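Engineer: Handing you this structure, nothing more for now.
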Amino acid sequence: MESTLVTQGLDLMLYGMGTVFAFLTLLVGITTLMSLVVNKLVVETELAPAAPVLTSTPQAVEPRIAKVIQAAIDQHRK
Amino acid sequence: MESTLVTQGLDLMLYGMGTVFAFLTLLVGITTLMSLVVNKLVVETELAPAAPVLTSTPQAVEPRIAKVIQAAIDQHRK
Amino acid sequence: MESTLVTQGLDLMLYGMGTVFAFLTLLVGITTLMSLVVNKLVVETELAPAAPVLTSTPQAVEPRIAKVIQAAIDQHRK
Amino acid sequence: MENLISLWASSGLAQMQLGQMIMMTVGLVLLFLAISKGFEPLLLVPIGFGTILVNIPGAGFEAAPIYDAMGHMESPGGLLYYIYHAGIETGLFPLIIFMGVGSMTDFGPLLANPKTLLLGAAAQVGIFTTVIGAVALGHFGILDFTIREAASIGIIGGADGPTAIFVTSKLAPDLLGAIAVAAYSYMALVPIIQPPIMRALTTPAEREIKMEQLRPVTKAERIVFPLALLVLVAFLLPDAAPLLGMFCFGNLMRECGVVNRLSDTTQNALINIVTIFLGLGVGSKMSAEKFLNPETMGILALGAVAFCIGTASGVLMAKLMNTMAKHKVNPLIGAAGVSAVPMAARVANKVGLDANPQNFLLMHAMGPNVAGVIGSAVAAGVMINLVSGM
Amino acid sequence: MENLISLWASSGLAQMQLGQMIMMTVGLVLLFLAISKGFEPLLLVPIGFGTILVNIPGAGFEAAPIYDAMGHMESPGGLLYYIYHAGIETGLFPLIIFMGVGSMTDFGPLLANPKTLLLGAAAQVGIFTTVIGAVALGHFGILDFTIREAASIGIIGGADGPTAIFVTSKLAPDLLGAIAVAAYSYMALVPIIQPPIMRALTTPAEREIKMEQLRPVTKAERIVFPLALLVLVAFLLPDAAPLLGMFCFGNLMRECGVVNRLSDTTQNALINIVTIFLGLGVGSKMSAEKFLNPETMGILALGAVAFCIGTASGVLMAKLMNTMAKHKVNPLIGAAGVSAVPMAARVANKVGLDANPQNFLLMHAMGPNVAGVIGSAVAAGVMINLVSGM
Amino acid sequence: MENLISLWASSGLAQMQLGQMIMMTVGLVLLFLAISKGFEPLLLVPIGFGTILVNIPGAGFEAAPIYDAMGHMESPGGLLYYIYHAGIETGLFPLIIFMGVGSMTDFGPLLANPKTLLLGAAAQVGIFTTVIGAVALGHFGILDFTIREAASIGIIGGADGPTAIFVTSKLAPDLLGAIAVAAYSYMALVPIIQPPIMRALTTPAEREIKMEQLRPVTKAERIVFPLALLVLVAFLLPDAAPLLGMFCFGNLMRECGVVNRLSDTTQNALINIVTIFLGLGVGSKMSAEKFLNPETMGILALGAVAFCIGTASGVLMAKLMNTMAKHKVNPLIGAAGVSAVPMAARVANKVGLDANPQNFLLMHAMGPNVAGVIGSAVAAGVMINLVSGM
Ligand code: NA
Ligand code: NA
Ligand code: NA
């Protein structure tokens, strides 16, 4: 019957907007909580300053580009 | 029969070169005409100076590279 | 029988390490020889100094980048 | 002589149909809008060009390959055939684009003011209202949309190109051309569509509200946020996981600071390559029989409505929040909740400056702006789930 | 002991056949020419390396994957198998390369002097004369070429690598190795092949002709030209649309100024990636049985002839044009009509400077040079159309 | 109501199994190690993220596509399904990575002192000893490994990620997740695992041995070396040709100096793109049923043993060489023979500086370091050959 399509549309609206709002409202809470916890934890432990991060595999990480960028940075600092 | 191959080759030559010359000769005309029309139109309307062209989606369009290039340009201008 | 697996493992070890050592030992010899021959040949003929190497197809090889790099190099030389 | 006939028979002039000529003109118009008017050129240039290519009669850009009984190829497929089936039908291209967008997204403003997520939620009202609209057009016999098509049309209101393409390629691939063109065109029209609505729904005093400066956000928060979002999605809404998962992956690569090589490539070479092919592939769905029909007019009309309702909902939600919260938000930033990053945020900023030349809203508007991306990805997940079961 | 036998039996020495050894030597020679002599290294390094790889006995670089009855993979295919079937058999790689070449091409000189298009047309005489040559070799029973093979050989005279690969992979895939190697080798030899012909057909006075400076070309012309060319192709010659369509797409991205991100990637990362795989994939057709036969010698000989005739036709066409036109062209730039961009234009410039050290022809030669690309793509389209119907 | 049930039924919470939760935690731990501890982040960030994605219930990241009887797609596959089957099952991704690694490798130190190749050979003892260990665990009924699985576990000792992935995807794809994680984790732990072993097996005097400065290496040597290696592989060990062939190809592009465009792209955009997808694809094998079992603990334990034995073998080989040679080598550089480029070489340098602050071993250790890559690729070739015939 014709009305099924309308019903489906209304269902979609109802459950769809419901889910979107529920999810994002929950995310507001989770994000706020996360920021609190993370900032407390990290200030305390200083996040194991990420080690000297031996940057692994590729030794020759584009030294040419590095030079270019270095030059540009030098330039900016002048 | 053997001669079919030769015939095919000659056909290919005839229609092939014919098409190439016809097409490129036509393109000479079209291009000349296009340049005339376009340059007349654009001078007159100044081609809606392309708007402030809000450059869309990616906000962070490689600012690092932008900096490098800026530095290089500054350098060149000195 | 159970022991087949062990036998297979031992075979793998025996032939595997044998091949690795044989191959790399041979490579030591080949490499040493190669260096001798190549360095002798190249000093003599100077390796046809690679021609002016007309760098082929793309005429517009990223002049923008080239400029950036040039700028950076200039910068470094100062 | 036979050859001459063969050449003529295979020429475009002999085979061209009116529909193809019109579609080639549509392609040229898209290119004109993109190049001369700055309408989302990164997508509309490839889409417009793809539209022309696919409508060249006899060029075979979307021809399927032909294999003989032994499985050997007798004749290869066309370029757009391969692009569409490998990258769009499978959903790979929109997902890779989403990864790239994630690696370009700065969640800082959102983290500094998480409640702007609600603005991103509110703006999705446009999506679902439009679904109702499409369904109503069907109910009254004006146009004939299935629920799958109605859902795909609604997603135009999400103002997010890859999301729209991802959903439509799953639910209603025949509408892909029209929906993608509508989505990107309206995103480009945000500076024209939104300001009147924003002004109509706000008082000058509201538009002048100054928001307090955003707190600085730590690196650790930035790293943990995409993971927290991912876990939440995993637990509650797996249907949104493909889009949001790749988005979070891109963002984590950006923020974690240890894979800058990968993040750079994701933001540049990779997203550029995929953008070119995504656009061409979308263009391959712009054939006359799929585009030149009354439904396309309906889609364009409904899409515009979706944008307007989304904008209004965002603004009204901000006003609602102000009735309850201590720290007022400027309701203009609600309009940025539709996504259309970063255009909608810039529009909010500009309308704010018109009201008060000292009132810089850009960073405040970036929060709802990226929230809108999350919001429409969530909406996409819900719709795919619900519609598939209907 | 069995294992030792297995290891020996699987070693290269036990399996190597003479043909494979010769082909590996051919690969090394190609690498030598590319690296030490500067012969089109961007293509010949990957082709040469691919030649070696595919001739390693037992390495399985072009092995097909094996599936069991359920469709699960029992053993994967070789790298070159996948590259060839995904990128070359389908025509995708040459088309993507053509897009990249388009985005590197400056049509300015051509737009400033459109009649140089005729020089690009004339140089294609080399293509079709060579077809006749190949057919004649067949007629007299010297070699055995079909019309499809003859057409593929002729296209070497187009002096355009991706066009040659595109045509050959459609018409005569078994000759792909030989034809690609011939095409790129002769393109590299342009500075040696062309000057004697150019000098023989021109008088010193002709070589000294100074051409008037090219007028400046506006941005609008540059944007509209690829679209005009595309529309003309669409109406008249859809068979050339794949190649010229992608070429125009690349050029439009370059000139339109609003998608520089995409244009940069097309000119760099994308074309480089595809070039590597295109070269390896062409190398995969360099097996002994396909390359070491009299036909290859015939192909090399005919290819050289094609280049010479193309060069001569371009020069003679320029002289013919001078008999009719008011503004004389220097006939040397006719030789650039074979394409081989930008080598042939540089050669024209150099021979011109030899005649008169003040006579800079480079920009004037770029017009016929890029016209030659269009010309051979048109020729390719015609040949695919006609030959498929024969 | 039905819709609410459908939404709930499709939510993660309703479908989540304990194993999936544990695996998501494993993914988070891998991300923590990569981001906060710097464990091989280029691979472990994508692997860790892929682990989370594939364990989201209902998200379908590794779902196979479904086709109807006519061959039309009814529902597309998941992203990780396509990545795994296109790039890992076929072996393409490890091979492309190897090409990239080749184009980043400087063979100069190895060419200046070729006998350090023997150190790279010795360190592969770890691989084969570990195979025996895995077999023994099976023999005593502690764990149940086939010879194919034992060989794949052994390759962890090669300390080379792409080699391990290539071998495992051919011989024991179900162990791919565990083996790749073990391989990259131990490579990251090289600075912790190796020094105690190095100190235990050397005297302070040995650690202070100063090596003579390396001779300069000419450009010609650098160009010819990858070709010489390739020819040797072709004649003696075709089974190692896929890995070493691509490695040599990358290196030749780097050194030949005429295809810098291609070499740059190989080292940057291409390897980065493939690294992202390789990591995600490996993560797709990190499902609970494949990872959470006693065998994984066995793999981790055996992998650690393999690293230790490899390190010790390298050091002892260096000491053995010193009993015979005139020019002494510092035995610390033997430890670099496991590969794990360039970490192991840096560790050798650091331990050397601890013994004598003037003794710079870095360049000397790079020789055995890259020799270790060759050594484990050779070992991989032998194992694939022998095991396939067992
Ligand atoms: Na949105
Ligand atoms: Na040509
Ligand atoms: Na190793």
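Ligands are numbered from 1 in the order shown, residues from 1 within each chain, and chains are lettered A, B, ... in the order they appear in the structure tokens.
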Within 6 Å of ligand 1, counting only C-alpha atoms and all ligand atoms: which residues, as a list in words?

Structural biologist: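 The neighbouring residues of ligand 1 are, in order, Gly158, Ala159, Asp160, Val338, Ser339, Gly372, Val373, Gly375 and Ser376 of chain D.
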
Engineer: Given a cut-off of 12 Å, what residues near ligand 3 show up using only C-alpha atoms and all ligand atoms, put as a ChimeraX atom specification?

Structural biologist: /C:20 /F:117,119-128,154-164,183,187,306-307,310-311,314,334-342,344,368-380

Engineer: Keeping only N, CA and C atoms, take the residues you just selected and write them out as a compact mmCIF listing (two decimals), in the first residue's frame.

Structural biologist:
# COMPACT_ATOMS: atom_id res chain seq x y z
N VAL C 20 72.28 -19.86 2.00
CA VAL C 20 72.54 -18.47 2.37
C VAL C 20 74.04 -18.20 2.40
N LEU F 117 79.33 -8.86 4.05
CA LEU F 117 78.19 -9.69 3.61
C LEU F 117 78.09 -10.95 4.44
N LEU F 119 78.65 -11.31 7.52
CA LEU F 119 77.96 -11.04 8.79
C LEU F 119 76.45 -11.08 8.56
N GLY F 120 76.04 -10.55 7.41
CA GLY F 120 74.62 -10.61 7.09
C GLY F 120 74.15 -12.03 6.85
N ALA F 121 75.06 -12.90 6.40
CA ALA F 121 74.69 -14.31 6.23
C ALA F 121 74.55 -14.97 7.60
N ALA F 122 75.54 -14.72 8.46
CA ALA F 122 75.58 -15.41 9.76
C ALA F 122 74.32 -15.11 10.57
N ALA F 123 73.87 -13.86 10.52
CA ALA F 123 72.73 -13.48 11.35
C ALA F 123 71.46 -14.23 10.96
N GLN F 124 71.46 -14.86 9.76
CA GLN F 124 70.26 -15.60 9.37
C GLN F 124 70.17 -16.95 10.07
N VAL F 125 71.24 -17.33 10.80
CA VAL F 125 71.16 -18.55 11.61
C VAL F 125 69.94 -18.48 12.53
N GLY F 126 69.64 -17.27 12.99
CA GLY F 126 68.46 -17.12 13.85
C GLY F 126 67.20 -17.63 13.19
N ILE F 127 67.06 -17.39 11.89
CA ILE F 127 65.86 -17.85 11.17
C ILE F 127 65.72 -19.36 11.27
N PHE F 128 66.79 -20.04 10.91
CA PHE F 128 66.66 -21.49 10.76
C PHE F 128 66.64 -22.21 12.11
N GLY F 154 60.04 -18.71 11.63
CA GLY F 154 61.48 -18.48 11.59
C GLY F 154 61.84 -17.14 10.96
N ILE F 155 61.10 -16.77 9.93
CA ILE F 155 61.46 -15.56 9.17
C ILE F 155 61.36 -14.30 10.03
N ILE F 156 60.67 -14.38 11.16
CA ILE F 156 60.69 -13.24 12.08
C ILE F 156 62.12 -12.87 12.40
N GLY F 157 62.98 -13.91 12.54
CA GLY F 157 64.38 -13.67 12.86
C GLY F 157 65.11 -12.90 11.78
N GLY F 158 64.50 -12.79 10.60
CA GLY F 158 65.13 -12.02 9.54
C GLY F 158 65.09 -10.53 9.80
N ALA F 159 64.27 -10.14 10.78
CA ALA F 159 64.19 -8.72 11.18
C ALA F 159 63.89 -7.83 9.99
N ASP F 160 63.08 -8.32 9.11
CA ASP F 160 62.75 -7.52 7.93
C ASP F 160 61.25 -7.67 7.67
N GLY F 161 60.51 -6.62 7.91
CA GLY F 161 59.06 -6.69 7.85
C GLY F 161 58.48 -7.19 6.54
N PRO F 162 58.79 -6.51 5.41
CA PRO F 162 58.16 -6.95 4.17
C PRO F 162 58.51 -8.39 3.81
N THR F 163 59.74 -8.82 4.11
CA THR F 163 60.10 -10.21 3.83
C THR F 163 59.23 -11.15 4.63
N ALA F 164 59.05 -10.84 5.91
CA ALA F 164 58.22 -11.70 6.76
C ALA F 164 56.79 -11.75 6.24
N ALA F 183 57.27 -9.46 14.26
CA ALA F 183 58.43 -8.96 13.52
C ALA F 183 58.66 -7.48 13.78
N MET F 187 61.67 -5.66 15.95
CA MET F 187 62.54 -4.69 15.29
C MET F 187 62.60 -3.41 16.13
N ALA F 306 64.61 -16.01 18.05
CA ALA F 306 65.22 -15.84 16.74
C ALA F 306 66.09 -14.60 16.69
N PHE F 307 65.57 -13.50 17.24
CA PHE F 307 66.35 -12.26 17.27
C PHE F 307 67.64 -12.43 18.05
N GLY F 310 70.10 -14.67 16.16
CA GLY F 310 70.63 -13.94 15.02
C GLY F 310 71.70 -12.94 15.44
N THR F 311 71.40 -12.19 16.49
CA THR F 311 72.37 -11.22 17.00
C THR F 311 73.67 -11.91 17.40
N GLY F 314 75.73 -13.20 14.46
CA GLY F 314 76.44 -12.13 13.77
C GLY F 314 77.72 -11.75 14.51
N GLY F 334 78.73 -7.06 13.80
CA GLY F 334 78.10 -8.32 13.42
C GLY F 334 76.63 -8.36 13.83
N ALA F 335 76.32 -7.68 14.93
CA ALA F 335 74.94 -7.69 15.41
C ALA F 335 74.01 -6.97 14.43
N ALA F 336 74.59 -6.06 13.64
CA ALA F 336 73.77 -5.32 12.67
C ALA F 336 73.33 -6.21 11.52
N GLY F 337 73.91 -7.42 11.44
CA GLY F 337 73.58 -8.32 10.35
C GLY F 337 72.16 -8.84 10.37
N VAL F 338 71.45 -8.64 11.47
CA VAL F 338 70.05 -9.10 11.49
C VAL F 338 69.16 -8.28 10.57
N SER F 339 69.63 -7.23 10.02
CA SER F 339 68.92 -6.15 9.32
C SER F 339 68.26 -5.21 10.32
N ALA F 340 66.92 -5.04 10.31
CA ALA F 340 66.31 -4.00 11.14
C ALA F 340 67.00 -2.66 10.85
N VAL F 341 67.08 -2.36 9.54
CA VAL F 341 67.76 -1.14 9.07
C VAL F 341 66.96 0.09 9.49
N PRO F 342 67.56 1.16 9.99
CA PRO F 342 68.96 1.33 10.36
C PRO F 342 69.16 1.18 11.86
N ALA F 344 69.53 -1.38 13.93
CA ALA F 344 70.58 -2.26 14.43
C ALA F 344 71.95 -1.63 14.24
N PRO F 368 76.99 -4.67 7.10
CA PRO F 368 76.25 -5.87 7.50
C PRO F 368 74.75 -5.62 7.60
N ASN F 369 74.36 -4.40 7.93
CA ASN F 369 72.95 -4.09 8.08
C ASN F 369 72.19 -4.34 6.77
N VAL F 370 72.68 -3.77 5.67
CA VAL F 370 71.99 -4.01 4.40
C VAL F 370 72.27 -5.41 3.89
N ALA F 371 73.43 -5.97 4.26
CA ALA F 371 73.68 -7.37 3.89
C ALA F 371 72.63 -8.28 4.53
N GLY F 372 72.18 -7.91 5.72
CA GLY F 372 71.15 -8.70 6.39
C GLY F 372 69.84 -8.71 5.62
N VAL F 373 69.55 -7.60 4.93
CA VAL F 373 68.35 -7.58 4.10
C VAL F 373 68.47 -8.59 2.96
N ILE F 374 69.64 -8.57 2.31
CA ILE F 374 69.88 -9.54 1.24
C ILE F 374 69.81 -10.95 1.79
N GLY F 375 70.48 -11.15 2.95
CA GLY F 375 70.53 -12.48 3.55
C GLY F 375 69.14 -13.03 3.84
N SER F 376 68.28 -12.19 4.41
CA SER F 376 66.97 -12.77 4.74
C SER F 376 66.09 -12.94 3.51
N ALA F 377 66.32 -12.12 2.48
CA ALA F 377 65.58 -12.35 1.24
C ALA F 377 66.02 -13.67 0.61
N VAL F 378 67.32 -13.95 0.68
CA VAL F 378 67.80 -15.24 0.17
C VAL F 378 67.18 -16.38 0.98
N ALA F 379 67.21 -16.24 2.30
CA ALA F 379 66.63 -17.28 3.16
C ALA F 379 65.15 -17.47 2.82
N ALA F 380 64.46 -16.36 2.58
CA ALA F 380 63.04 -16.45 2.24
C ALA F 380 62.85 -17.25 0.96

Engineer: Report as a PDB file with N, CA and C atoms, in the first residue's frame the set of chain E residues whose atoms approach chain B to within 8 Å, with distances computed over only C-alpha atoms.

Structural biologist:
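Generated file (selection-v9.pdb):
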ATOM      1  N   LEU E 111      48.750  27.753 -30.049  1.00  0.00           N
ATOM      2  CA  LEU E 111      47.641  28.706 -30.126  1.00  0.00           C
ATOM      3  C   LEU E 111      48.072  29.990 -30.801  1.00  0.00           C
ATOM      4  N   PRO E 114      48.329  28.647 -35.114  1.00  0.00           N
ATOM      5  CA  PRO E 114      47.602  27.380 -35.294  1.00  0.00           C
ATOM      6  C   PRO E 114      47.947  26.646 -36.576  1.00  0.00           C
ATOM      7  N   LYS E 115      48.433  27.361 -37.590  1.00  0.00           N
ATOM      8  CA  LYS E 115      48.654  26.635 -38.843  1.00  0.00           C
ATOM      9  C   LYS E 115      49.793  25.614 -38.712  1.00  0.00           C
ATOM     10  N   LEU E 117      49.657  23.302 -36.883  1.00  0.00           N
ATOM     11  CA  LEU E 117      48.960  22.017 -36.758  1.00  0.00           C
ATOM     12  C   LEU E 117      49.139  21.181 -38.015  1.00  0.00           C
ATOM     13  N   LEU E 118      49.223  21.870 -39.172  1.00  0.00           N
ATOM     14  CA  LEU E 118      49.370  21.136 -40.428  1.00  0.00           C
ATOM     15  C   LEU E 118      50.698  20.390 -40.487  1.00  0.00           C
ATOM     16  N   ALA E 121      50.236  17.304 -38.776  1.00  0.00           N
ATOM     17  CA  ALA E 121      49.496  16.344 -39.602  1.00  0.00           C
ATOM     18  C   ALA E 121      50.423  15.677 -40.601  1.00  0.00           C
ATOM     19  N   ALA E 122      51.238  16.491 -41.270  1.00  0.00           N
ATOM     20  CA  ALA E 122      52.094  15.971 -42.339  1.00  0.00           C
ATOM     21  C   ALA E 122      53.035  14.886 -41.831  1.00  0.00           C
ATOM     22  N   GLN E 124      52.609  12.673 -39.851  1.00  0.00           N
ATOM     23  CA  GLN E 124      51.999  11.357 -39.658  1.00  0.00           C
ATOM     24  C   GLN E 124      52.025  10.513 -40.934  1.00  0.00           C
ATOM     25  N   VAL E 125      52.445  11.140 -42.046  1.00  0.00           N
ATOM     26  CA  VAL E 125      52.631  10.347 -43.265  1.00  0.00           C
ATOM     27  C   VAL E 125      53.548   9.165 -42.981  1.00  0.00           C
ATOM     28  N   PHE E 128      51.618   5.991 -41.909  1.00  0.00           N
ATOM     29  CA  PHE E 128      50.850   5.215 -42.892  1.00  0.00           C
ATOM     30  C   PHE E 128      51.735   4.629 -43.982  1.00  0.00           C
ATOM     31  N   THR E 129      52.821   5.350 -44.343  1.00  0.00           N
ATOM     32  CA  THR E 129      53.765   4.767 -45.292  1.00  0.00           C
ATOM     33  C   THR E 129      54.346   3.482 -44.723  1.00  0.00           C
ATOM     34  N   VAL E 131      52.955   1.448 -42.653  1.00  0.00           N
ATOM     35  CA  VAL E 131      51.962   0.379 -42.748  1.00  0.00           C
ATOM     36  C   VAL E 131      52.069  -0.292 -44.122  1.00  0.00           C
ATOM     37  N   ILE E 132      52.152   0.537 -45.146  1.00  0.00           N
ATOM     38  CA  ILE E 132      52.316  -0.007 -46.505  1.00  0.00           C
ATOM     39  C   ILE E 132      53.585  -0.846 -46.579  1.00  0.00           C
ATOM     40  N   VAL E 135      53.039  -4.147 -44.912  1.00  0.00           N
ATOM     41  CA  VAL E 135      52.160  -4.955 -45.746  1.00  0.00           C
ATOM     42  C   VAL E 135      52.931  -5.499 -46.951  1.00  0.00           C
ATOM     43  N   ALA E 136      53.800  -4.668 -47.503  1.00  0.00           N
ATOM     44  CA  ALA E 136      54.574  -5.090 -48.673  1.00  0.00           C
ATOM     45  C   ALA E 136      55.513  -6.233 -48.298  1.00  0.00           C
ATOM     46  N   HIS E 139      53.437  -9.105 -48.395  1.00  0.00           N
ATOM     47  CA  HIS E 139      53.033  -9.437 -49.752  1.00  0.00           C
ATOM     48  C   HIS E 139      54.126 -10.204 -50.483  1.00  0.00           C
ATOM     49  N   THR E 146      50.123  -9.411 -40.166  1.00  0.00           N
ATOM     50  CA  THR E 146      48.715  -9.169 -40.446  1.00  0.00           C
ATOM     51  C   THR E 146      48.502  -7.663 -40.544  1.00  0.00           C
ATOM     52  N   ILE E 147      47.295  -7.265 -40.953  1.00  0.00           N
ATOM     53  CA  ILE E 147      47.027  -5.832 -41.045  1.00  0.00           C
ATOM     54  C   ILE E 147      47.052  -5.197 -39.657  1.00  0.00           C
ATOM     55  N   THR E 218      46.261  34.342 -24.323  1.00  0.00           N
ATOM     56  CA  THR E 218      45.562  34.643 -23.069  1.00  0.00           C
ATOM     57  C   THR E 218      45.207  33.359 -22.324  1.00  0.00           C
ATOM     58  N   ALA E 220      42.342  32.659 -21.158  1.00  0.00           N
ATOM     59  CA  ALA E 220      41.046  32.143 -21.600  1.00  0.00           C
ATOM     60  C   ALA E 220      41.200  31.222 -22.803  1.00  0.00           C
ATOM     61  N   GLU E 221      42.051  31.615 -23.750  1.00  0.00           N
ATOM     62  CA  GLU E 221      42.291  30.743 -24.902  1.00  0.00           C
ATOM     63  C   GLU E 221      42.822  29.386 -24.469  1.00  0.00           C
ATOM     64  N   VAL E 224      40.000  27.319 -23.059  1.00  0.00           N
ATOM     65  CA  VAL E 224      38.967  26.879 -23.998  1.00  0.00           C
ATOM     66  C   VAL E 224      39.521  25.878 -25.011  1.00  0.00           C
ATOM     67  N   PHE E 225      40.823  25.980 -25.339  1.00  0.00           N
ATOM     68  CA  PHE E 225      41.350  25.116 -26.389  1.00  0.00           C
ATOM     69  C   PHE E 225      41.149  23.623 -26.120  1.00  0.00           C
ATOM     70  N   ALA E 228      37.588  22.824 -26.775  1.00  0.00           N
ATOM     71  CA  ALA E 228      37.223  22.864 -28.193  1.00  0.00           C
ATOM     72  C   ALA E 228      37.723  21.608 -28.896  1.00  0.00           C
ATOM     73  N   LEU E 229      38.950  21.218 -28.594  1.00  0.00           N
ATOM     74  CA  LEU E 229      39.511  20.015 -29.203  1.00  0.00           C
ATOM     75  C   LEU E 229      38.678  18.796 -28.810  1.00  0.00           C
ATOM     76  N   LEU E 232      35.416  18.732 -30.718  1.00  0.00           N
ATOM     77  CA  LEU E 232      35.648  18.349 -32.109  1.00  0.00           C
ATOM     78  C   LEU E 232      35.871  16.844 -32.221  1.00  0.00           C
ATOM     79  N   VAL E 258      42.304  26.365 -11.134  1.00  0.00           N
ATOM     80  CA  VAL E 258      41.567  26.181  -9.879  1.00  0.00           C
ATOM     81  C   VAL E 258      41.761  24.797  -9.277  1.00  0.00           C
ATOM     82  N   GLY E 375      48.217  14.788 -33.721  1.00  0.00           N
ATOM     83  CA  GLY E 375      48.161  14.083 -35.001  1.00  0.00           C
ATOM     84  C   GLY E 375      48.270  12.581 -34.837  1.00  0.00           C
ATOM     85  N   VAL E 378      45.150  11.118 -33.329  1.00  0.00           N
ATOM     86  CA  VAL E 378      44.096  11.015 -34.345  1.00  0.00           C
ATOM     87  C   VAL E 378      44.349   9.801 -35.235  1.00  0.00           C
ATOM     88  N   ALA E 379      45.591   9.667 -35.688  1.00  0.00           N
ATOM     89  CA  ALA E 379      45.934   8.516 -36.531  1.00  0.00           C
ATOM     90  C   ALA E 379      45.638   7.212 -35.796  1.00  0.00           C
ATOM     91  N   VAL E 382      41.894   6.521 -35.889  1.00  0.00           N
ATOM     92  CA  VAL E 382      41.451   6.063 -37.205  1.00  0.00           C
ATOM     93  C   VAL E 382      41.848   4.614 -37.427  1.00  0.00           C
ATOM     94  N   MET E 383      43.086   4.295 -37.090  1.00  0.00           N
ATOM     95  CA  MET E 383      43.571   2.945 -37.349  1.00  0.00           C
ATOM     96  C   MET E 383      42.800   1.922 -36.527  1.00  0.00           C
ATOM     97  N   LEU E 386      39.389   1.548 -38.260  1.00  0.00           N
ATOM     98  CA  LEU E 386      39.374   0.892 -39.567  1.00  0.00           C
ATOM     99  C   LEU E 386      39.820  -0.554 -39.461  1.00  0.00           C
ATOM    100  N   VAL E 387      40.900  -0.791 -38.711  1.00  0.00           N
ATOM    101  CA  VAL E 387      41.455  -2.141 -38.644  1.00  0.00           C
ATOM    102  C   VAL E 387      40.488  -3.090 -37.945  1.00  0.00           C
ATOM    103  N   MET E 390      38.139  -4.475 -40.408  1.00  0.00           N
ATOM    104  CA  MET E 390      38.646  -5.161 -41.611  1.00  0.00           C
ATOM    105  C   MET E 390      38.567  -6.677 -41.456  1.00  0.00           C
TER     106      MET E 390
END

Engineer: Excluding Phe249 of chain D and any residue of its chain fewer than 5 positions from it, enumerate the residues within 9 Å of it, using only C-alpha atoms, and give them as an mmCIF file with N, CA and C atoms, in the first residue's frame.

Structural biologist:
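For reference, around10.cif as written:
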data_model
loop_
_atom_site.group_PDB
_atom_site.id
_atom_site.type_symbol
_atom_site.label_atom_id
_atom_site.label_comp_id
_atom_site.auth_asym_id
_atom_site.auth_seq_id
_atom_site.Cartn_x
_atom_site.Cartn_y
_atom_site.Cartn_z
ATOM 1 N N MET D 99 39.513 9.261 4.647
ATOM 2 C CA MET D 99 40.778 9.175 5.381
ATOM 3 C C MET D 99 41.581 10.453 5.162
ATOM 4 N N GLY D 102 40.062 13.301 7.005
ATOM 5 C CA GLY D 102 40.410 13.157 8.424
ATOM 6 C C GLY D 102 41.803 13.690 8.712
ATOM 7 N N SER D 103 42.733 13.408 7.799
ATOM 8 C CA SER D 103 44.100 13.847 8.048
ATOM 9 C C SER D 103 44.273 15.335 7.783
ATOM 10 N N PRO D 226 40.293 10.886 18.321
ATOM 11 C CA PRO D 226 39.831 9.990 17.253
ATOM 12 C C PRO D 226 39.665 8.553 17.734
ATOM 13 N N LEU D 227 40.485 8.148 18.712
ATOM 14 C CA LEU D 227 40.347 6.780 19.218
ATOM 15 C C LEU D 227 39.070 6.636 20.034
ATOM 16 N N LEU D 230 36.231 6.481 17.697
ATOM 17 C CA LEU D 230 36.199 5.175 17.037
ATOM 18 C C LEU D 230 35.594 4.116 17.947
ATOM 19 N N LEU D 244 33.414 6.669 9.466
ATOM 20 C CA LEU D 244 34.060 7.320 10.607
ATOM 21 C C LEU D 244 35.376 6.636 10.977
ATOM 22 N N ARG D 254 47.414 12.164 11.482
ATOM 23 C CA ARG D 254 47.779 13.570 11.511
ATOM 24 C C ARG D 254 48.303 13.982 12.866
ATOM 25 N N PRO F 46 49.208 1.765 11.332
ATOM 26 C CA PRO F 46 48.166 1.153 10.495
ATOM 27 C C PRO F 46 47.750 -0.251 10.954
ATOM 28 N N PHE F 49 45.487 0.121 14.005
ATOM 29 C CA PHE F 49 44.177 0.656 13.644
ATOM 30 C C PHE F 49 43.360 -0.386 12.871
#
